[in-house]
Amino acid sequence: ATPPGVATTSTPSIVSVESPRISGSPTHIAFPRLNVSVGVVPGYYNAATQTWTLSKDNAQFATITSEPNNKSGNTFIYGHNRWQVFTALLSAKLGDEAVVTTANGHTFTYVLHSITDVQPNDTRFLGDSKEPILTVQTCSGIHYENRRMLVFQLKEVA
């Protein structure tokens with residue numbers, strides 16, 4: 001009991017309100033400055049043949065990686081260096097945006113953070129990430145012998 005004449009105050013409890021996880025299966029990707037807008041279909045890796053499924057007119061979401069989300073993980077989308085898909089990405093510049101739309105209606109906007117050319121057997125860009133990132137791959141080089149890796153950081157989700 002509180003003695004008479006002594007004022008008391010209640011200590012406010014601090015409630016941590018964590019934003020809910022927002023995610024979805026990617027169905028479309030656009031790079032507004034480059035005028036690229038293409039559908040995204042599931043892409044699968046065959047460990048026995050060490051090959052990926054490829055589409056002539058769509059980008060593909062590597063289903064072994066994270067779906068686009070606002071928490072963590074690496075969303076990996078790849079596509080041919082063809083005019084119908086990702087040829088224009090060879091002109092990408094740091095700061096360019098990528099916009100991924102999901103089947104459940106979310107829009108994830110990313111900003112280009114790094115561009116690297118690697119050998120086809122370099123798998124380090126498939127790794128997970130503590131931050132939500134988007135990695136986009138297409139072919140580069142005179143004979144398409146390299147892989148251009150574009151890594152984007154999440155800007156916003158709508």
# chains A, B, ... in the order shown; residues from 1 in each chain; ligands from 1

call {"tool": "residues_around", "arguments": {"residues": "region 112-128 of chain A", "least_positions_apart": "4", "cutoff": "9 Å", "atoms": "only C-alpha atoms", "output": "list in words"}}
result
Ile64, Thr65, Ser66, Ser72, Gly73, Asn74, Thr75, Phe76, Ala92, Lys93, Leu94, Gly95, Asp96, Glu97, Ala98, Leu134, Thr135, Cys139, Ser140, Gly141, Glu145, Asn146, Arg147, Arg148, Met149, Leu150, Val151, Phe152 and Gln153 of chain A

call {"tool": "write_last_selection", "arguments": {"atoms": "N, CA and C atoms", "output": "PDB file, in the first residue's frame"}}
result
ATOM      1  N   ILE A  64      14.969 -21.844 -55.243  1.00  0.00           N
ATOM      2  CA  ILE A  64      15.767 -22.253 -54.087  1.00  0.00           C
ATOM      3  C   ILE A  64      16.189 -21.049 -53.241  1.00  0.00           C
ATOM      4  N   THR A  65      15.837 -19.827 -53.683  1.00  0.00           N
ATOM      5  CA  THR A  65      16.176 -18.620 -52.922  1.00  0.00           C
ATOM      6  C   THR A  65      14.908 -18.033 -52.291  1.00  0.00           C
ATOM      7  N   SER A  66      15.076 -16.968 -51.513  1.00  0.00           N
ATOM      8  CA  SER A  66      13.963 -16.345 -50.784  1.00  0.00           C
ATOM      9  C   SER A  66      12.999 -15.617 -51.718  1.00  0.00           C
ATOM     10  N   SER A  72      14.467 -10.393 -44.651  1.00  0.00           N
ATOM     11  CA  SER A  72      15.815 -10.884 -44.917  1.00  0.00           C
ATOM     12  C   SER A  72      15.790 -11.811 -46.123  1.00  0.00           C
ATOM     13  N   GLY A  73      16.972 -12.164 -46.584  1.00  0.00           N
ATOM     14  CA  GLY A  73      17.074 -13.142 -47.659  1.00  0.00           C
ATOM     15  C   GLY A  73      17.445 -12.529 -48.995  1.00  0.00           C
ATOM     16  N   ASN A  74      17.872 -13.399 -49.880  1.00  0.00           N
ATOM     17  CA  ASN A  74      18.320 -13.035 -51.218  1.00  0.00           C
ATOM     18  C   ASN A  74      17.326 -13.587 -52.233  1.00  0.00           C
ATOM     19  N   THR A  75      16.627 -12.704 -52.915  1.00  0.00           N
ATOM     20  CA  THR A  75      15.735 -13.095 -53.997  1.00  0.00           C
ATOM     21  C   THR A  75      16.567 -13.085 -55.276  1.00  0.00           C
ATOM     22  N   PHE A  76      16.658 -14.222 -55.947  1.00  0.00           N
ATOM     23  CA  PHE A  76      17.514 -14.356 -57.130  1.00  0.00           C
ATOM     24  C   PHE A  76      16.637 -14.525 -58.366  1.00  0.00           C
ATOM     25  N   ALA A  92      22.776  -0.939 -67.125  1.00  0.00           N
ATOM     26  CA  ALA A  92      22.341  -0.528 -65.778  1.00  0.00           C
ATOM     27  C   ALA A  92      23.436   0.275 -65.091  1.00  0.00           C
ATOM     28  N   LYS A  93      22.990   1.213 -64.246  1.00  0.00           N
ATOM     29  CA  LYS A  93      23.904   2.066 -63.482  1.00  0.00           C
ATOM     30  C   LYS A  93      23.538   1.994 -62.006  1.00  0.00           C
ATOM     31  N   LEU A  94      24.542   2.157 -61.152  1.00  0.00           N
ATOM     32  CA  LEU A  94      24.280   2.181 -59.716  1.00  0.00           C
ATOM     33  C   LEU A  94      23.216   3.236 -59.431  1.00  0.00           C
ATOM     34  N   GLY A  95      22.279   2.901 -58.569  1.00  0.00           N
ATOM     35  CA  GLY A  95      21.176   3.805 -58.253  1.00  0.00           C
ATOM     36  C   GLY A  95      19.911   3.514 -59.046  1.00  0.00           C
ATOM     37  N   ASP A  96      20.018   2.709 -60.124  1.00  0.00           N
ATOM     38  CA  ASP A  96      18.819   2.323 -60.887  1.00  0.00           C
ATOM     39  C   ASP A  96      17.877   1.541 -59.982  1.00  0.00           C
ATOM     40  N   GLU A  97      16.594   1.595 -60.302  1.00  0.00           N
ATOM     41  CA  GLU A  97      15.604   0.861 -59.524  1.00  0.00           C
ATOM     42  C   GLU A  97      15.114  -0.372 -60.257  1.00  0.00           C
ATOM     43  N   ALA A  98      14.764  -1.382 -59.477  1.00  0.00           N
ATOM     44  CA  ALA A  98      14.085  -2.582 -59.965  1.00  0.00           C
ATOM     45  C   ALA A  98      12.793  -2.684 -59.168  1.00  0.00           C
ATOM     46  N   LEU A 134      17.838  -8.196 -53.655  1.00  0.00           N
ATOM     47  CA  LEU A 134      17.459  -8.784 -54.935  1.00  0.00           C
ATOM     48  C   LEU A 134      18.735  -8.928 -55.743  1.00  0.00           C
ATOM     49  N   THR A 135      19.017 -10.134 -56.235  1.00  0.00           N
ATOM     50  CA  THR A 135      20.139 -10.352 -57.134  1.00  0.00           C
ATOM     51  C   THR A 135      19.563 -10.725 -58.487  1.00  0.00           C
ATOM     52  N   CYS A 139      23.611 -12.841 -68.833  1.00  0.00           N
ATOM     53  CA  CYS A 139      24.918 -13.150 -69.419  1.00  0.00           C
ATOM     54  C   CYS A 139      25.595 -11.879 -69.912  1.00  0.00           C
ATOM     55  N   SER A 140      26.928 -11.911 -69.903  1.00  0.00           N
ATOM     56  CA  SER A 140      27.711 -10.784 -70.413  1.00  0.00           C
ATOM     57  C   SER A 140      28.962 -11.344 -71.084  1.00  0.00           C
ATOM     58  N   GLY A 141      29.689 -10.476 -71.736  1.00  0.00           N
ATOM     59  CA  GLY A 141      30.900 -10.894 -72.442  1.00  0.00           C
ATOM     60  C   GLY A 141      30.630 -11.041 -73.927  1.00  0.00           C
ATOM     61  N   GLU A 145      30.058 -15.445 -72.151  1.00  0.00           N
ATOM     62  CA  GLU A 145      30.772 -16.390 -71.305  1.00  0.00           C
ATOM     63  C   GLU A 145      30.756 -16.024 -69.821  1.00  0.00           C
ATOM     64  N   ASN A 146      30.363 -14.817 -69.485  1.00  0.00           N
ATOM     65  CA  ASN A 146      30.330 -14.378 -68.084  1.00  0.00           C
ATOM     66  C   ASN A 146      28.899 -14.218 -67.602  1.00  0.00           C
ATOM     67  N   ARG A 147      28.761 -14.004 -66.309  1.00  0.00           N
ATOM     68  CA  ARG A 147      27.449 -13.738 -65.721  1.00  0.00           C
ATOM     69  C   ARG A 147      27.505 -12.360 -65.061  1.00  0.00           C
ATOM     70  N   ARG A 148      26.609 -11.478 -65.485  1.00  0.00           N
ATOM     71  CA  ARG A 148      26.505 -10.144 -64.884  1.00  0.00           C
ATOM     72  C   ARG A 148      25.579 -10.259 -63.692  1.00  0.00           C
ATOM     73  N   MET A 149      26.083  -9.906 -62.515  1.00  0.00           N
ATOM     74  CA  MET A 149      25.324  -9.979 -61.274  1.00  0.00           C
ATOM     75  C   MET A 149      25.025  -8.569 -60.807  1.00  0.00           C
ATOM     76  N   LEU A 150      23.757  -8.248 -60.696  1.00  0.00           N
ATOM     77  CA  LEU A 150      23.315  -6.940 -60.220  1.00  0.00           C
ATOM     78  C   LEU A 150      22.647  -7.146 -58.859  1.00  0.00           C
ATOM     79  N   VAL A 151      23.188  -6.514 -57.832  1.00  0.00           N
ATOM     80  CA  VAL A 151      22.660  -6.686 -56.475  1.00  0.00           C
ATOM     81  C   VAL A 151      21.957  -5.396 -56.055  1.00  0.00           C
ATOM     82  N   PHE A 152      20.711  -5.529 -55.659  1.00  0.00           N
ATOM     83  CA  PHE A 152      19.844  -4.419 -55.281  1.00  0.00           C
ATOM     84  C   PHE A 152      19.496  -4.498 -53.814  1.00  0.00           C
ATOM     85  N   GLN A 153      19.369  -3.348 -53.165  1.00  0.00           N
ATOM     86  CA  GLN A 153      18.921  -3.285 -51.776  1.00  0.00           C
ATOM     87  C   GLN A 153      17.467  -2.824 -51.746  1.00  0.00           C
TER      88      GLN A 153
END

call {"tool": "select_by_dssp", "arguments": {"residues": "chain A", "states": "helix (DSSP H, G or I)", "output": "VMD selection string"}}
result
chain A and resid 32 to 34 87 to 91 124 to 126

call {"tool": "write_last_selection", "arguments": {"atoms": "N, CA, C and O atoms", "output": "JSON list (two decimals), in the first residue's frame"}}
result
[["chain", "number", "residue", "atom", "x", "y", "z"],
["A", 32, "PRO", "N", 12.57, 0.56, -64.57],
["A", 32, "PRO", "CA", 11.97, 1.72, -65.23],
["A", 32, "PRO", "C", 12.91, 2.55, -66.11],
["A", 32, "PRO", "O", 12.56, 2.89, -67.24],
["A", 33, "ARG", "N", 14.12, 2.87, -65.64],
["A", 33, "ARG", "CA", 15.02, 3.70, -66.44],
["A", 33, "ARG", "C", 15.45, 3.02, -67.73],
["A", 33, "ARG", "O", 15.68, 3.66, -68.75],
["A", 34, "LEU", "N", 15.50, 1.69, -67.71],
["A", 34, "LEU", "CA", 15.95, 0.93, -68.86],
["A", 34, "LEU", "C", 14.80, 0.47, -69.77],
["A", 34, "LEU", "O", 15.03, -0.21, -70.76],
["A", 87, "THR", "N", 18.68, -7.93, -72.06],
["A", 87, "THR", "CA", 19.79, -7.29, -72.77],
["A", 87, "THR", "C", 20.06, -5.88, -72.25],
["A", 87, "THR", "O", 21.21, -5.49, -72.05],
["A", 88, "ALA", "N", 19.02, -5.10, -72.00],
["A", 88, "ALA", "CA", 19.19, -3.71, -71.55],
["A", 88, "ALA", "C", 19.88, -3.60, -70.20],
["A", 88, "ALA", "O", 20.42, -2.54, -69.87],
["A", 89, "LEU", "N", 19.91, -4.68, -69.42],
["A", 89, "LEU", "CA", 20.55, -4.61, -68.10],
["A", 89, "LEU", "C", 22.06, -4.37, -68.20],
["A", 89, "LEU", "O", 22.67, -3.95, -67.22],
["A", 90, "LEU", "N", 22.64, -4.62, -69.35],
["A", 90, "LEU", "CA", 24.07, -4.36, -69.51],
["A", 90, "LEU", "C", 24.35, -2.86, -69.43],
["A", 90, "LEU", "O", 25.49, -2.45, -69.25],
["A", 91, "SER", "N", 23.30, -2.02, -69.54],
["A", 91, "SER", "CA", 23.44, -0.56, -69.43],
["A", 91, "SER", "C", 23.02, -0.04, -68.06],
["A", 91, "SER", "O", 22.91, 1.17, -67.86],
["A", 124, "ARG", "N", 28.56, -17.76, -55.30],
["A", 124, "ARG", "CA", 28.48, -16.96, -54.07],
["A", 124, "ARG", "C", 27.30, -15.99, -54.08],
["A", 124, "ARG", "O", 26.83, -15.59, -53.03],
["A", 125, "PHE", "N", 26.78, -15.62, -55.25],
["A", 125, "PHE", "CA", 25.66, -14.69, -55.31],
["A", 125, "PHE", "C", 24.32, -15.35, -55.01],
["A", 125, "PHE", "O", 23.30, -14.69, -54.94],
["A", 126, "LEU", "N", 24.34, -16.66, -54.83],
["A", 126, "LEU", "CA", 23.12, -17.38, -54.43],
["A", 126, "LEU", "C", 22.96, -17.44, -52.92],
["A", 126, "LEU", "O", 21.95, -17.90, -52.42]]

call {"tool": "atom_distance", "arguments": {"atom1": "CA of His143 (chain A)", "atom2": "CA of Thr51 (chain A)"}}
result
18.4 Å

call {"tool": "atom_distance", "arguments": {"atom1": "CA of Val38 (chain A)", "atom2": "CA of Gly79 (chain A)"}}
result
9.8 Å

call {"tool": "select_by_dssp", "arguments": {"residues": "region 20-96 of chain A", "states": "strand (DSSP E or B)", "output": "PyMOL selection string"}}
result
chain A and resi 23+26-31+36-43+45-46+51-52+59-62+69+73-78

call {"tool": "atom_distance", "arguments": {"atom1": "CA of Thr27 (chain A)", "atom2": "CA of Val40 (chain A)"}}
result
4.5 Å

call {"tool": "closest_residue", "arguments": {"among": "A:Ile77, A:Ser37, A:Phe31, A:Gln84", "to": "Asp57 (chain A)", "atoms": "only C-alpha atoms"}}
result
A:Gln84

call {"tool": "residues_around", "arguments": {"residues": "Ser25 (chain A)", "least_positions_apart": "3", "cutoff": "6 Å", "atoms": "only C-alpha atoms", "output": "VMD selection string"}}
result
chain A and resid 67 102 to 103

call {"tool": "residues_around", "arguments": {"residues": "Ala158 (chain A)", "least_positions_apart": "4", "cutoff": "7 Å", "atoms": "only C-alpha atoms", "output": "PDB file with all heavy atoms, in the first residue's frame"}}
result
ATOM      1  N   HIS A 106       1.801  -7.370 -53.932  1.00  0.00           N
ATOM      2  CA  HIS A 106       2.793  -6.474 -53.331  1.00  0.00           C
ATOM      3  C   HIS A 106       3.774  -5.985 -54.386  1.00  0.00           C
ATOM      4  O   HIS A 106       4.038  -6.675 -55.370  1.00  0.00           O
ATOM      5  CB  HIS A 106       3.549  -7.159 -52.196  1.00  0.00           C
ATOM      6  CG  HIS A 106       2.689  -7.487 -51.024  1.00  0.00           C
ATOM      7  ND1 HIS A 106       2.115  -6.523 -50.228  1.00  0.00           N
ATOM      8  CD2 HIS A 106       2.290  -8.675 -50.516  1.00  0.00           C
ATOM      9  CE1 HIS A 106       1.407  -7.102 -49.286  1.00  0.00           C
ATOM     10  NE2 HIS A 106       1.490  -8.408 -49.442  1.00  0.00           N
ATOM     11  N   THR A 107       4.306  -4.795 -54.160  1.00  0.00           N
ATOM     12  CA  THR A 107       5.314  -4.223 -55.048  1.00  0.00           C
ATOM     13  C   THR A 107       6.551  -3.920 -54.215  1.00  0.00           C
ATOM     14  O   THR A 107       6.481  -3.160 -53.242  1.00  0.00           O
ATOM     15  CB  THR A 107       4.801  -2.927 -55.705  1.00  0.00           C
ATOM     16  OG1 THR A 107       3.601  -3.225 -56.424  1.00  0.00           O
ATOM     17  CG2 THR A 107       5.826  -2.360 -56.664  1.00  0.00           C
ATOM     18  N   PHE A 108       7.666  -4.524 -54.587  1.00  0.00           N
ATOM     19  CA  PHE A 108       8.944  -4.340 -53.899  1.00  0.00           C
ATOM     20  C   PHE A 108       9.835  -3.489 -54.797  1.00  0.00           C
ATOM     21  O   PHE A 108      10.090  -3.858 -55.946  1.00  0.00           O
ATOM     22  CB  PHE A 108       9.620  -5.685 -53.634  1.00  0.00           C
ATOM     23  CG  PHE A 108       8.886  -6.535 -52.637  1.00  0.00           C
ATOM     24  CD1 PHE A 108       7.778  -7.278 -53.023  1.00  0.00           C
ATOM     25  CD2 PHE A 108       9.288  -6.589 -51.316  1.00  0.00           C
ATOM     26  CE1 PHE A 108       7.086  -8.063 -52.112  1.00  0.00           C
ATOM     27  CE2 PHE A 108       8.603  -7.365 -50.396  1.00  0.00           C
ATOM     28  CZ  PHE A 108       7.505  -8.100 -50.786  1.00  0.00           C
TER      29      PHE A 108
END

call {"tool": "residues_around", "arguments": {"residues": "Ser55 (chain A)", "least_positions_apart": "6", "cutoff": "10 Å", "atoms": "only C-alpha atoms", "output": "VMD selection string"}}
result
chain A and resid 40 to 43 78 to 80 85

call {"tool": "write_last_selection", "arguments": {"atoms": "all heavy atoms", "output": "PDB file, in the first residue's frame"}}
result
ATOM      1  N   VAL A  40       7.889 -12.910 -64.734  1.00  0.00           N
ATOM      2  CA  VAL A  40       8.793 -13.781 -63.984  1.00  0.00           C
ATOM      3  C   VAL A  40       8.065 -15.103 -63.744  1.00  0.00           C
ATOM      4  O   VAL A  40       6.937 -15.111 -63.258  1.00  0.00           O
ATOM      5  CB  VAL A  40       9.206 -13.149 -62.632  1.00  0.00           C
ATOM      6  CG1 VAL A  40      10.071 -14.114 -61.823  1.00  0.00           C
ATOM      7  CG2 VAL A  40       9.929 -11.829 -62.848  1.00  0.00           C
ATOM      8  N   VAL A  41       8.724 -16.199 -64.096  1.00  0.00           N
ATOM      9  CA  VAL A  41       8.185 -17.540 -63.874  1.00  0.00           C
ATOM     10  C   VAL A  41       9.158 -18.301 -62.973  1.00  0.00           C
ATOM     11  O   VAL A  41      10.322 -17.921 -62.856  1.00  0.00           O
ATOM     12  CB  VAL A  41       7.962 -18.289 -65.210  1.00  0.00           C
ATOM     13  CG1 VAL A  41       6.920 -17.569 -66.065  1.00  0.00           C
ATOM     14  CG2 VAL A  41       9.271 -18.461 -65.975  1.00  0.00           C
ATOM     15  N   PRO A  42       8.698 -19.381 -62.326  1.00  0.00           N
ATOM     16  CA  PRO A  42       9.610 -20.151 -61.475  1.00  0.00           C
ATOM     17  C   PRO A  42      10.774 -20.738 -62.267  1.00  0.00           C
ATOM     18  O   PRO A  42      10.605 -21.181 -63.406  1.00  0.00           O
ATOM     19  CB  PRO A  42       8.725 -21.269 -60.914  1.00  0.00           C
ATOM     20  CG  PRO A  42       7.327 -20.738 -61.024  1.00  0.00           C
ATOM     21  CD  PRO A  42       7.322 -19.890 -62.261  1.00  0.00           C
ATOM     22  N   GLY A  43      11.946 -20.731 -61.649  1.00  0.00           N
ATOM     23  CA  GLY A  43      13.139 -21.323 -62.250  1.00  0.00           C
ATOM     24  C   GLY A  43      13.688 -22.390 -61.327  1.00  0.00           C
ATOM     25  O   GLY A  43      13.700 -22.222 -60.105  1.00  0.00           O
ATOM     26  N   TYR A  78      16.840 -14.472 -62.651  1.00  0.00           N
ATOM     27  CA  TYR A  78      17.793 -14.559 -63.753  1.00  0.00           C
ATOM     28  C   TYR A  78      17.070 -14.605 -65.091  1.00  0.00           C
ATOM     29  O   TYR A  78      15.887 -14.930 -65.154  1.00  0.00           O
ATOM     30  CB  TYR A  78      18.708 -15.776 -63.574  1.00  0.00           C
ATOM     31  CG  TYR A  78      17.993 -17.119 -63.616  1.00  0.00           C
ATOM     32  CD1 TYR A  78      17.944 -17.865 -64.784  1.00  0.00           C
ATOM     33  CD2 TYR A  78      17.377 -17.642 -62.483  1.00  0.00           C
ATOM     34  CE1 TYR A  78      17.303 -19.097 -64.826  1.00  0.00           C
ATOM     35  CE2 TYR A  78      16.732 -18.859 -62.508  1.00  0.00           C
ATOM     36  CZ  TYR A  78      16.702 -19.596 -63.687  1.00  0.00           C
ATOM     37  OH  TYR A  78      16.053 -20.807 -63.730  1.00  0.00           O
ATOM     38  N   GLY A  79      17.802 -14.257 -66.141  1.00  0.00           N
ATOM     39  CA  GLY A  79      17.196 -14.282 -67.462  1.00  0.00           C
ATOM     40  C   GLY A  79      18.233 -14.146 -68.553  1.00  0.00           C
ATOM     41  O   GLY A  79      19.341 -13.649 -68.338  1.00  0.00           O
ATOM     42  N   HIS A  80      17.841 -14.590 -69.746  1.00  0.00           N
ATOM     43  CA  HIS A  80      18.708 -14.517 -70.924  1.00  0.00           C
ATOM     44  C   HIS A  80      19.070 -13.077 -71.269  1.00  0.00           C
ATOM     45  O   HIS A  80      18.278 -12.154 -71.051  1.00  0.00           O
ATOM     46  CB  HIS A  80      17.994 -15.108 -72.149  1.00  0.00           C
ATOM     47  CG  HIS A  80      18.224 -16.567 -72.343  1.00  0.00           C
ATOM     48  ND1 HIS A  80      19.472 -17.123 -72.446  1.00  0.00           N
ATOM     49  CD2 HIS A  80      17.337 -17.584 -72.511  1.00  0.00           C
ATOM     50  CE1 HIS A  80      19.351 -18.422 -72.661  1.00  0.00           C
ATOM     51  NE2 HIS A  80      18.069 -18.727 -72.689  1.00  0.00           N
ATOM     52  N   VAL A  85      14.199 -10.037 -72.885  1.00  0.00           N
ATOM     53  CA  VAL A  85      14.363 -10.263 -71.450  1.00  0.00           C
ATOM     54  C   VAL A  85      15.314  -9.210 -70.860  1.00  0.00           C
ATOM     55  O   VAL A  85      14.873  -8.139 -70.469  1.00  0.00           O
ATOM     56  CB  VAL A  85      14.839 -11.710 -71.142  1.00  0.00           C
ATOM     57  CG1 VAL A  85      14.833 -11.989 -69.645  1.00  0.00           C
ATOM     58  CG2 VAL A  85      13.951 -12.736 -71.855  1.00  0.00           C
TER      59      VAL A  85
END

call {"tool": "closest_residue", "arguments": {"among": "A:Leu154, A:Asn81, A:Ser19, A:Asn104", "to": "Ile142 (chain A)", "atoms": "only C-alpha atoms"}}
result
A:Asn81

call {"tool": "decode", "arguments": {"residues": "region 103-121 of chain A", "atoms": "N, CA, C and O atoms", "output": "compact mmCIF listing (two decimals), in the first residue's frame"}}
result
# COMPACT_ATOMS: atom_id res chain seq x y z
N ALA A 103 2.57 -12.24 -56.81
CA ALA A 103 1.26 -12.81 -57.13
C ALA A 103 0.17 -12.29 -56.20
O ALA A 103 -0.99 -12.21 -56.59
N ASN A 104 0.53 -11.93 -54.96
CA ASN A 104 -0.47 -11.46 -54.00
C ASN A 104 -0.58 -9.93 -53.97
O ASN A 104 -1.14 -9.36 -53.05
N GLY A 105 -0.03 -9.26 -55.00
CA GLY A 105 -0.25 -7.83 -55.18
C GLY A 105 0.71 -6.88 -54.52
O GLY A 105 0.50 -5.67 -54.55
N HIS A 106 1.80 -7.37 -53.93
CA HIS A 106 2.79 -6.47 -53.33
C HIS A 106 3.77 -5.99 -54.39
O HIS A 106 4.04 -6.68 -55.37
N THR A 107 4.31 -4.79 -54.16
CA THR A 107 5.31 -4.22 -55.05
C THR A 107 6.55 -3.92 -54.22
O THR A 107 6.48 -3.16 -53.24
N PHE A 108 7.67 -4.52 -54.59
CA PHE A 108 8.94 -4.34 -53.90
C PHE A 108 9.83 -3.49 -54.80
O PHE A 108 10.09 -3.86 -55.95
N THR A 109 10.31 -2.36 -54.28
CA THR A 109 11.20 -1.49 -55.04
C THR A 109 12.60 -1.59 -54.45
O THR A 109 12.78 -1.45 -53.24
N TYR A 110 13.55 -1.83 -55.33
CA TYR A 110 14.95 -2.02 -54.93
C TYR A 110 15.82 -0.99 -55.65
O TYR A 110 15.47 -0.52 -56.73
N VAL A 111 17.00 -0.70 -55.07
CA VAL A 111 17.97 0.22 -55.66
C VAL A 111 19.26 -0.53 -55.93
O VAL A 111 19.77 -1.24 -55.05
N LEU A 112 19.81 -0.36 -57.14
CA LEU A 112 21.02 -1.07 -57.55
C LEU A 112 22.22 -0.61 -56.73
O LEU A 112 22.55 0.57 -56.70
N HIS A 113 22.85 -1.58 -56.08
CA HIS A 113 23.96 -1.32 -55.16
C HIS A 113 25.31 -1.75 -55.74
O HIS A 113 26.33 -1.12 -55.49
N SER A 114 25.35 -2.85 -56.52
CA SER A 114 26.62 -3.30 -57.08
C SER A 114 26.40 -4.07 -58.38
O SER A 114 25.35 -4.67 -58.58
N ILE A 115 27.42 -4.04 -59.23
CA ILE A 115 27.42 -4.75 -60.51
C ILE A 115 28.75 -5.50 -60.60
O ILE A 115 29.81 -4.90 -60.44
N THR A 116 28.68 -6.80 -60.84
CA THR A 116 29.88 -7.63 -60.91
C THR A 116 29.73 -8.65 -62.02
O THR A 116 28.67 -9.25 -62.17
N ASP A 117 30.80 -8.88 -62.80
CA ASP A 117 30.83 -9.96 -63.78
C ASP A 117 31.60 -11.12 -63.16
O ASP A 117 32.68 -10.92 -62.60
N VAL A 118 31.05 -12.33 -63.25
CA VAL A 118 31.67 -13.52 -62.65
C VAL A 118 31.65 -14.67 -63.66
O VAL A 118 30.97 -14.62 -64.67
N GLN A 119 32.39 -15.71 -63.33
CA GLN A 119 32.37 -16.94 -64.13
C GLN A 119 31.06 -17.68 -63.88
O GLN A 119 30.47 -17.56 -62.79
N PRO A 120 30.59 -18.47 -64.84
CA PRO A 120 29.31 -19.18 -64.69
C PRO A 120 29.24 -20.09 -63.46
O PRO A 120 28.15 -20.30 -62.93
N ASN A 121 30.36 -20.62 -63.01
CA ASN A 121 30.33 -21.55 -61.87
C ASN A 121 30.48 -20.85 -60.52
O ASN A 121 30.55 -21.50 -59.49
